[in-house]
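Each remark here refers to the structure printed beneath this line.
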Amino acid sequence: MNKMFWKWLPISPLTLLFFIAPIPEAIGASVLREGVQEQNAELLSSDTSEHPVIDHVEKTDTSEAQVNSVSQLSDVSPTDWAFQALQFLVERYGCIVGYPNKTYGGNRSLTRYEFAAGVNACLDRVTQLISTTTSDLVKKEDLVTLRKLQEQFAPELATLRGRVDILETQTAIVEQQRFSTTTKLNGEAVFVLSGFVTGQDSNGRNIPKVTSFADRIRLNFDSSFSGKDLLRVRLQALNLNYFSSRGGTGTRLPEGTLAVNADLDDGAPANNEVTVDALYYQFPLGKKTLVTLFANQGEVEDFVNTINPFLDGGASGDDALSKFGSRNSVYYFIPQGTGFGIAHKFSDKIEFSLGYMATTASSPTNGQGLFNGSYGAIAQLTLQPSESILIGLTYVNAYDNLNDGLTIPGTGSIKANLGFATNSPVSSNAYGLEASFQVNPRLYINAWGGYIATRVLGVGDASIWNYAVGLAFPDFGKKGNSAGLIVGMEPKVTGADAAIASVFTTAIEPQNRNSPTDRDTSIHVEGFYSYVVSDNITITPGFIWLTAPNHDARNSDAVLGVIRTTFTF
């Protein structure tokens, strides 16, 4: 501001107002719509961090009504030093607009660009008043002052218009070169360096001390046709195998399986073959219901809240390292497959979810198909009694007929995966309780427990339990980083009919084969630290420590070291 401006300032309360009030609230509707929004529509879609007035206009309710009296503004009182200026503009020019809640918000800072736009728009308002009335409503000296201010801020106005012109040109180029009008492409590449440093597996053999390096690559094509729906097509390539598999190769240890692993020995594409890993359509049904239809490889976390914030690494390459550490093991009885999911919010505090998945829906073979083959059905009630507490009550019904290559859940002992260990059809009813408590912004406590009543058809029944407690530390060390610690018991057979032992396959479960239950208790201890290198790169070193692997104290403790690097783009 030069000296001339300060000389003009005392002349009129109209000029004073531009320094004591935010433009959108201080000036009339013409300031909001004609002076700023209409001239800068393209700016609204760009980064508005450098344009406070534009950002504010975008969020302002366009239903703002003209204020006829200063008394209508609840946060303006006669003792305010700017009260007379506001009163003058209301009574003389009708040049005040407040928020819909009848507040004025007079403490917001003002930029020169806002001031220039406001002066220009208010001058238009004054010109309109002159053209529609013959009275002396607008004083000549006020009009002269406004014109001088308009001349004074002409460079700012010219700069603002120039920036709009540049943005219009850039927008035109982007529109011509963009990938699609309805589809966005995003991707993730996960590289995992891992290896056991000590321990024995479910065969009682020493685990080979071999370091492996593997990857998982995902490309998501996300389309929306209404702005509220989502069609996702995911391409995936990977070579991360389970530590245990049906093929009988490798380490015989389902415990400690990584969240990004897949059972490549059981039919999953290996050696980085590209496949359509996920194909689903998600859309709202009314205002409170979200429906998801899965064509293949549907996952439970796509429609159910698994109550494990900052630890759920099952769907992405960050957070928890293992499948067990990612969520309650009862969720893994829902296979990845074809089906549907429905989530309905009764209120902000109550949500109910339903879902069904089948593994061989496309097959017309007897014992397979959408309803005749292996499947999993889930119902969950999610409660949020306060902003810091989240609770889930989960029920799962699952059936594995072993004719479709259904992979094991990848958690727990060999015996806890009864279909895998016996090569027999299995029916299960699983019950889960999950909870998350935000102690403060830097600490979350997560806990869960699960009980599975399993029946090996024609043989007998078994009871399986799992539980865990997890600590998550968001922004640990620096913003964006996170640390986590999970301690718990992976699924363990605690009680079973004696007849179940008679159908254990020798090749798969040679250890303590004559007993249907697990011999001892193994504790899973997992720790990790996710370090954000940049907005697109995260490195997560960590470890998984399994005491008494396979719930058998005769096996020495196993320790797995992991370094996971995740690229997002």
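Following the order of the structure tokens, chains are lettered A, B, ..., residues in each are numbered from 1, and ligands are numbered from 1.
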Query - Nearby residues (only C-alpha atoms) at most 8 Å from Ala558 in chain A, same-chain spacing under 5 positions excluded, as number ranges by chain - result: A: 196-201, 545-549
Output for the residues just chosen: C-alpha atoms as a PDB file, in the first residue's frame:
ATOM      1  CA  PHE A 196      13.796 -66.861   8.817  1.00  0.00           C
ATOM      2  CA  VAL A 197      16.827 -66.416  11.031  1.00  0.00           C
ATOM      3  CA  THR A 198      15.962 -69.332  13.333  1.00  0.00           C
ATOM      4  CA  GLY A 199      13.230 -71.801  14.255  1.00  0.00           C
ATOM      5  CA  GLN A 200      11.532 -75.084  13.389  1.00  0.00           C
ATOM      6  CA  ASP A 201       8.366 -75.774  11.378  1.00  0.00           C
ATOM      7  CA  TRP A 545       8.479 -63.957  16.402  1.00  0.00           C
ATOM      8  CA  LEU A 546       6.589 -67.237  16.888  1.00  0.00           C
ATOM      9  CA  THR A 547       7.061 -69.090  20.158  1.00  0.00           C
ATOM     10  CA  ALA A 548       6.370 -72.842  20.001  1.00  0.00           C
ATOM     11  CA  PRO A 549       5.578 -72.874  16.265  1.00  0.00           C
TER      12      PRO A 549
END
Report task. May I have the residues within 8 Å of Leu485 in chain A as a count of residues only, using only C-alpha atoms and disregarding those fewer than 6 positions away in the same chain? Result -> 7
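Shortest separation to Pro541 in chain A among A:Ala295, A:Val493, A:Leu560, A:Ala377 occurs at residue A:Leu560, atoms counted being only C-alpha atoms.
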Contacts of range 446-452 of chain A at 8 Å (only C-alpha atoms; same-chain gap of 3+ positions) as a compact mmCIF listing (two decimals) with N, CA, C and O atoms, in the first residue's frame:
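Contents of part.txt, freshly written:
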# COMPACT_ATOMS: atom_id res chain seq x y z
N ILE A 307 -12.17 -53.13 11.90
CA ILE A 307 -11.91 -52.60 13.25
C ILE A 307 -10.43 -52.71 13.63
O ILE A 307 -10.09 -53.23 14.69
N ASN A 308 -9.58 -52.28 12.76
CA ASN A 308 -8.15 -52.36 13.08
C ASN A 308 -7.40 -51.20 12.43
O ASN A 308 -6.54 -51.41 11.58
N PRO A 309 -7.74 -49.94 12.78
CA PRO A 309 -7.10 -48.81 12.11
C PRO A 309 -5.59 -48.79 12.33
O PRO A 309 -5.10 -49.13 13.39
N ASN A 328 -8.76 -59.85 12.81
CA ASN A 328 -9.25 -61.06 13.44
C ASN A 328 -9.27 -62.21 12.42
O ASN A 328 -9.75 -62.04 11.29
N SER A 329 -8.80 -63.37 12.82
CA SER A 329 -8.70 -64.50 11.88
C SER A 329 -10.05 -65.00 11.41
O SER A 329 -10.13 -65.70 10.39
N VAL A 330 -11.16 -64.67 12.10
CA VAL A 330 -12.47 -65.14 11.64
C VAL A 330 -12.80 -64.53 10.28
O VAL A 330 -13.56 -65.13 9.49
N SER A 428 -18.05 -74.36 9.07
CA SER A 428 -17.62 -73.58 10.23
C SER A 428 -18.59 -72.46 10.55
O SER A 428 -19.17 -71.84 9.65
N ASN A 429 -18.76 -72.21 11.85
CA ASN A 429 -19.46 -71.03 12.35
C ASN A 429 -18.48 -70.26 13.22
O ASN A 429 -17.99 -70.80 14.22
N ALA A 430 -18.18 -69.03 12.82
CA ALA A 430 -17.17 -68.24 13.52
C ALA A 430 -17.81 -67.00 14.15
O ALA A 430 -18.69 -66.37 13.56
N TYR A 431 -17.33 -66.67 15.34
CA TYR A 431 -17.86 -65.53 16.09
C TYR A 431 -16.68 -64.65 16.50
O TYR A 431 -15.71 -65.13 17.09
N GLY A 432 -16.78 -63.36 16.19
CA GLY A 432 -15.68 -62.46 16.50
C GLY A 432 -16.11 -61.23 17.26
O GLY A 432 -17.23 -60.72 17.06
N LEU A 433 -15.24 -60.75 18.11
CA LEU A 433 -15.44 -59.49 18.82
C LEU A 433 -14.19 -58.66 18.61
O LEU A 433 -13.08 -59.10 18.94
N GLU A 434 -14.35 -57.47 18.04
CA GLU A 434 -13.22 -56.59 17.74
C GLU A 434 -13.46 -55.22 18.38
O GLU A 434 -14.61 -54.76 18.47
N ALA A 435 -12.39 -54.57 18.80
CA ALA A 435 -12.52 -53.23 19.40
C ALA A 435 -11.28 -52.42 19.12
O ALA A 435 -10.16 -52.95 19.03
N SER A 436 -11.49 -51.12 18.98
CA SER A 436 -10.38 -50.17 18.80
C SER A 436 -10.64 -48.96 19.68
O SER A 436 -11.76 -48.44 19.73
N PHE A 437 -9.60 -48.51 20.38
CA PHE A 437 -9.72 -47.36 21.28
C PHE A 437 -8.61 -46.37 20.98
O PHE A 437 -7.43 -46.72 21.03
N SER A 463 -13.22 -77.10 18.34
CA SER A 463 -13.30 -75.71 18.79
C SER A 463 -11.96 -75.03 18.57
O SER A 463 -10.91 -75.58 18.96
N ILE A 464 -11.99 -73.85 17.97
CA ILE A 464 -10.76 -73.13 17.63
C ILE A 464 -10.86 -71.70 18.18
O ILE A 464 -11.89 -71.04 18.02
N TRP A 465 -9.79 -71.23 18.79
CA TRP A 465 -9.77 -69.87 19.36
C TRP A 465 -8.59 -69.09 18.81
O TRP A 465 -7.56 -69.65 18.44
N ASN A 466 -8.74 -67.76 18.77
CA ASN A 466 -7.61 -66.87 18.51
C ASN A 466 -7.88 -65.54 19.20
O ASN A 466 -9.04 -65.16 19.46
N TYR A 467 -6.82 -64.80 19.52
CA TYR A 467 -6.97 -63.49 20.15
C TYR A 467 -5.70 -62.68 19.92
O TYR A 467 -4.63 -63.24 19.60
N ALA A 468 -5.79 -61.38 20.09
CA ALA A 468 -4.62 -60.51 19.94
C ALA A 468 -4.90 -59.13 20.52
O ALA A 468 -6.05 -58.70 20.63
N VAL A 469 -3.83 -58.45 20.86
CA VAL A 469 -3.86 -57.04 21.25
C VAL A 469 -2.80 -56.32 20.43
O VAL A 469 -1.67 -56.81 20.28
N GLY A 470 -3.18 -55.19 19.86
CA GLY A 470 -2.25 -54.43 19.04
C GLY A 470 -2.16 -52.97 19.47
O GLY A 470 -3.15 -52.38 19.91
N LEU A 471 -0.98 -52.43 19.36
CA LEU A 471 -0.75 -51.00 19.62
C LEU A 471 -0.30 -50.35 18.32
O LEU A 471 0.60 -50.87 17.64
N ALA A 472 -0.92 -49.25 17.97
CA ALA A 472 -0.55 -48.51 16.76
C ALA A 472 -0.15 -47.09 17.16
O ALA A 472 -0.83 -46.45 17.97
Requested in this report: Check the smallest atom-to-atom distance from each of A:Leu230, A:Ile378, A:Leu258, A:Leu290 to Pro335 in chain A using only C-alpha atoms, then report the winner.
Outcome: A:Ile378
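Take CA of Val456 in chain A and CA of Glu509 in chain A: the distance between them is 15.6 Å.
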Report task. Within range 318-524 of chain A, find each residue whose DSSP state, derived from the backbone, is alpha helix (DSSP H), and express the selection as a ChimeraX atom specification. Result -> /A:323-326,369-372,418-422
Query - range 207-220 of chain A environment, 6 Å, only C-alpha atoms, sequence neighbours closer than 3 positions dropped, as a list in words - result: Leu185, Asn186, Gly187, Glu188, Ala189, Val190, Phe191, Val192, Leu193, Ser194, Gly195, Phe196, Val197, Gly199, Gln200, Val233, Arg234, Leu235, Gln236, Ala237, Leu238, Asn239 and Leu240 of chain A
Store the residues picked out above in a file with N, CA and C atoms, as a short mmCIF file (atom, residue, chain, number, x, y, z; two decimals), in the first residue's frame.
data_model
loop_
_atom_site.label_atom_id
_atom_site.label_comp_id
_atom_site.auth_asym_id
_atom_site.auth_seq_id
_atom_site.Cartn_x
_atom_site.Cartn_y
_atom_site.Cartn_z
N LEU A 185 -6.31 -43.93 -12.90
CA LEU A 185 -5.37 -45.02 -12.76
C LEU A 185 -4.51 -44.78 -11.53
N ASN A 186 -4.44 -45.77 -10.65
CA ASN A 186 -3.51 -45.70 -9.52
C ASN A 186 -2.89 -47.07 -9.33
N GLY A 187 -1.73 -47.10 -8.75
CA GLY A 187 -1.02 -48.37 -8.64
C GLY A 187 -0.20 -48.49 -7.38
N GLU A 188 0.27 -49.71 -7.15
CA GLU A 188 1.10 -50.01 -5.99
C GLU A 188 2.07 -51.11 -6.35
N ALA A 189 3.31 -50.93 -5.96
CA ALA A 189 4.33 -51.96 -6.15
C ALA A 189 4.97 -52.24 -4.79
N VAL A 190 4.91 -53.50 -4.38
CA VAL A 190 5.44 -53.91 -3.08
C VAL A 190 6.59 -54.89 -3.30
N PHE A 191 7.73 -54.58 -2.71
CA PHE A 191 8.90 -55.45 -2.77
C PHE A 191 9.23 -55.91 -1.35
N VAL A 192 9.40 -57.22 -1.18
CA VAL A 192 9.59 -57.79 0.15
C VAL A 192 10.88 -58.60 0.20
N LEU A 193 11.74 -58.22 1.11
CA LEU A 193 12.96 -58.97 1.43
C LEU A 193 12.70 -59.64 2.77
N SER A 194 12.74 -60.99 2.81
CA SER A 194 12.39 -61.68 4.04
C SER A 194 13.18 -62.97 4.19
N GLY A 195 13.22 -63.46 5.41
CA GLY A 195 13.89 -64.73 5.67
C GLY A 195 13.85 -65.08 7.14
N PHE A 196 13.75 -66.39 7.43
CA PHE A 196 13.80 -66.86 8.82
C PHE A 196 15.25 -66.89 9.28
N VAL A 197 15.47 -66.41 10.48
CA VAL A 197 16.83 -66.42 11.03
C VAL A 197 17.02 -67.59 11.99
N GLY A 199 14.51 -71.18 13.98
CA GLY A 199 13.23 -71.80 14.25
C GLY A 199 13.00 -73.11 13.54
N GLN A 200 11.94 -73.82 13.97
CA GLN A 200 11.53 -75.08 13.39
C GLN A 200 10.08 -75.00 12.94
N VAL A 233 -11.34 -52.18 -11.63
CA VAL A 233 -10.70 -53.29 -12.34
C VAL A 233 -9.24 -53.29 -11.91
N ARG A 234 -8.81 -54.36 -11.27
CA ARG A 234 -7.44 -54.43 -10.76
C ARG A 234 -6.65 -55.50 -11.49
N LEU A 235 -5.51 -55.09 -12.02
CA LEU A 235 -4.55 -56.03 -12.59
C LEU A 235 -3.47 -56.30 -11.57
N GLN A 236 -3.09 -57.56 -11.42
CA GLN A 236 -2.10 -57.91 -10.41
C GLN A 236 -1.09 -58.92 -10.96
N ALA A 237 0.14 -58.76 -10.52
CA ALA A 237 1.20 -59.73 -10.80
C ALA A 237 2.00 -59.90 -9.52
N LEU A 238 2.33 -61.14 -9.14
CA LEU A 238 3.08 -61.36 -7.91
C LEU A 238 3.81 -62.69 -7.95
N ASN A 239 4.78 -62.83 -7.04
CA ASN A 239 5.47 -64.11 -6.86
C ASN A 239 5.77 -64.35 -5.38
N LEU A 240 4.90 -63.82 -4.51
CA LEU A 240 5.04 -64.01 -3.07
C LEU A 240 4.24 -65.23 -2.63
#
Report task. Show which residues sit within 12 Å of Lys228 in chain A, as JSON, numbers by chain. Count only C-alpha atoms, and ignore same-chain residues fewer than 4 positions away. Result -> {"A": [182, 222, 223, 224, 281, 282, 283, 284, 285, 286, 287, 289, 290, 291]}
Once you have the residues from the selection above, write them out as a compact mmCIF listing (two decimals), in the first residue's frame, restricted to N, CA, C and O atoms.
# COMPACT_ATOMS: atom_id res chain seq x y z
N THR A 182 -13.79 -40.65 -17.18
CA THR A 182 -14.46 -41.33 -16.07
C THR A 182 -13.54 -42.21 -15.24
O THR A 182 -13.94 -42.68 -14.18
N ASP A 222 -10.00 -47.17 -11.62
CA ASP A 222 -11.19 -46.80 -10.86
C ASP A 222 -12.05 -45.85 -11.68
O ASP A 222 -11.62 -44.74 -12.03
N SER A 223 -13.27 -46.30 -11.98
CA SER A 223 -14.19 -45.51 -12.80
C SER A 223 -15.41 -45.12 -11.98
O SER A 223 -15.87 -45.89 -11.13
N SER A 224 -15.93 -43.93 -12.27
CA SER A 224 -17.17 -43.48 -11.64
C SER A 224 -18.03 -42.84 -12.71
O SER A 224 -17.57 -42.03 -13.52
N TYR A 281 -18.19 -53.64 -8.60
CA TYR A 281 -18.92 -52.39 -8.79
C TYR A 281 -19.60 -52.03 -7.48
O TYR A 281 -20.32 -52.84 -6.90
N GLN A 282 -19.37 -50.82 -7.03
CA GLN A 282 -19.89 -50.34 -5.75
C GLN A 282 -20.75 -49.11 -5.99
O GLN A 282 -20.33 -48.18 -6.69
N PHE A 283 -21.94 -49.08 -5.40
CA PHE A 283 -22.85 -47.97 -5.64
C PHE A 283 -23.75 -47.76 -4.42
O PHE A 283 -24.04 -48.70 -3.68
N PRO A 284 -24.21 -46.52 -4.21
CA PRO A 284 -25.12 -46.26 -3.08
C PRO A 284 -26.54 -46.64 -3.44
O PRO A 284 -26.98 -46.50 -4.58
N LEU A 285 -27.26 -47.13 -2.46
CA LEU A 285 -28.68 -47.42 -2.60
C LEU A 285 -29.38 -46.56 -1.56
O LEU A 285 -29.46 -46.91 -0.39
N GLY A 286 -29.85 -45.38 -2.01
CA GLY A 286 -30.34 -44.40 -1.06
C GLY A 286 -29.18 -43.66 -0.44
O GLY A 286 -28.05 -43.67 -0.95
N LYS A 287 -29.41 -43.05 0.70
CA LYS A 287 -28.38 -42.23 1.34
C LYS A 287 -27.56 -42.99 2.38
O LYS A 287 -26.50 -42.53 2.77
N THR A 289 -27.11 -46.69 2.39
CA THR A 289 -26.75 -48.06 2.05
C THR A 289 -25.76 -48.09 0.90
O THR A 289 -25.93 -47.38 -0.10
N LEU A 290 -24.70 -48.88 1.05
CA LEU A 290 -23.69 -49.05 0.01
C LEU A 290 -23.66 -50.51 -0.41
O LEU A 290 -23.49 -51.41 0.43
N VAL A 291 -23.83 -50.76 -1.70
CA VAL A 291 -23.87 -52.12 -2.24
C VAL A 291 -22.63 -52.36 -3.09
O VAL A 291 -22.24 -51.50 -3.89
Query - Among listed residues A:Thr360, A:Thr494, A:Thr540, A:Thr411, nearest Thr521 in chain A (using only C-alpha atoms) - result: A:Thr494
Sorted by chain and rising residue number, which residues of range 398-489 of chain A lie within 9 Å of range 499-505 of chain A, and what are their closest atom pairs and distances in Å to one decimal, counting only C-alpha atoms, as a Markdown table?
| residue | atom | partner | partner_atom | distance |
| --- | --- | --- | --- | --- |
| A:Lys415 | CA | A:Phe504 | CA | 8.4 |
| A:Leu418 | CA | A:Phe504 | CA | 8.4 |
| A:Ala421 | CA | A:Phe504 | CA | 5.7 |
| A:Thr422 | CA | A:Phe504 | CA | 4.5 |
| A:Asn423 | CA | A:Thr505 | CA | 7.3 |
| A:Ser424 | CA | A:Val503 | CA | 8.1 |
| A:Val456 | CA | A:Ile500 | CA | 7.4 |
| A:Val459 | CA | A:Ile500 | CA | 6.0 |
| A:Gly460 | CA | A:Ile500 | CA | 5.9 |
| A:Asp461 | CA | A:Ile500 | CA | 7.7 |
| A:Ala462 | CA | A:Ile500 | CA | 8.2 |
I need the residues from that last selection saved to file as a PDB file, in the first residue's frame (with N, CA and C atoms), if you can.
ATOM      1  N   LYS A 415      -3.478 -77.941  12.376  1.00  0.00           N
ATOM      2  CA  LYS A 415      -4.738 -78.532  12.810  1.00  0.00           C
ATOM      3  C   LYS A 415      -5.880 -77.523  12.795  1.00  0.00           C
ATOM      4  N   LEU A 418      -8.514 -77.221   9.456  1.00  0.00           N
ATOM      5  CA  LEU A 418      -8.913 -78.624   9.423  1.00  0.00           C
ATOM      6  C   LEU A 418      -9.156 -79.146   8.016  1.00  0.00           C
ATOM      7  N   ALA A 421      -5.797 -79.896   6.688  1.00  0.00           N
ATOM      8  CA  ALA A 421      -5.078 -80.970   7.371  1.00  0.00           C
ATOM      9  C   ALA A 421      -5.720 -82.335   7.170  1.00  0.00           C
ATOM     10  N   THR A 422      -7.023 -82.361   6.872  1.00  0.00           N
ATOM     11  CA  THR A 422      -7.720 -83.651   6.762  1.00  0.00           C
ATOM     12  C   THR A 422      -8.133 -83.999   5.341  1.00  0.00           C
ATOM     13  N   ASN A 423      -8.076 -83.025   4.429  1.00  0.00           N
ATOM     14  CA  ASN A 423      -8.573 -83.224   3.062  1.00  0.00           C
ATOM     15  C   ASN A 423     -10.034 -83.657   3.081  1.00  0.00           C
ATOM     16  N   SER A 424     -10.813 -83.068   3.988  1.00  0.00           N
ATOM     17  CA  SER A 424     -12.226 -83.405   4.136  1.00  0.00           C
ATOM     18  C   SER A 424     -13.056 -82.121   4.083  1.00  0.00           C
ATOM     19  N   VAL A 456     -15.840 -81.243  10.820  1.00  0.00           N
ATOM     20  CA  VAL A 456     -15.344 -82.034   9.693  1.00  0.00           C
ATOM     21  C   VAL A 456     -16.478 -82.999   9.353  1.00  0.00           C
ATOM     22  N   VAL A 459     -17.224 -86.698  10.396  1.00  0.00           N
ATOM     23  CA  VAL A 459     -16.136 -87.139  11.280  1.00  0.00           C
ATOM     24  C   VAL A 459     -16.359 -86.643  12.712  1.00  0.00           C
ATOM     25  N   GLY A 460     -16.365 -85.316  12.919  1.00  0.00           N
ATOM     26  CA  GLY A 460     -16.510 -84.788  14.261  1.00  0.00           C
ATOM     27  C   GLY A 460     -16.360 -83.288  14.315  1.00  0.00           C
ATOM     28  N   ASP A 461     -16.485 -82.751  15.530  1.00  0.00           N
ATOM     29  CA  ASP A 461     -16.456 -81.302  15.756  1.00  0.00           C
ATOM     30  C   ASP A 461     -15.170 -80.879  16.450  1.00  0.00           C
ATOM     31  N   ALA A 462     -14.831 -79.574  16.272  1.00  0.00           N
ATOM     32  CA  ALA A 462     -13.645 -79.010  16.915  1.00  0.00           C
ATOM     33  C   ALA A 462     -13.909 -77.555  17.300  1.00  0.00           C
TER      34      ALA A 462
END
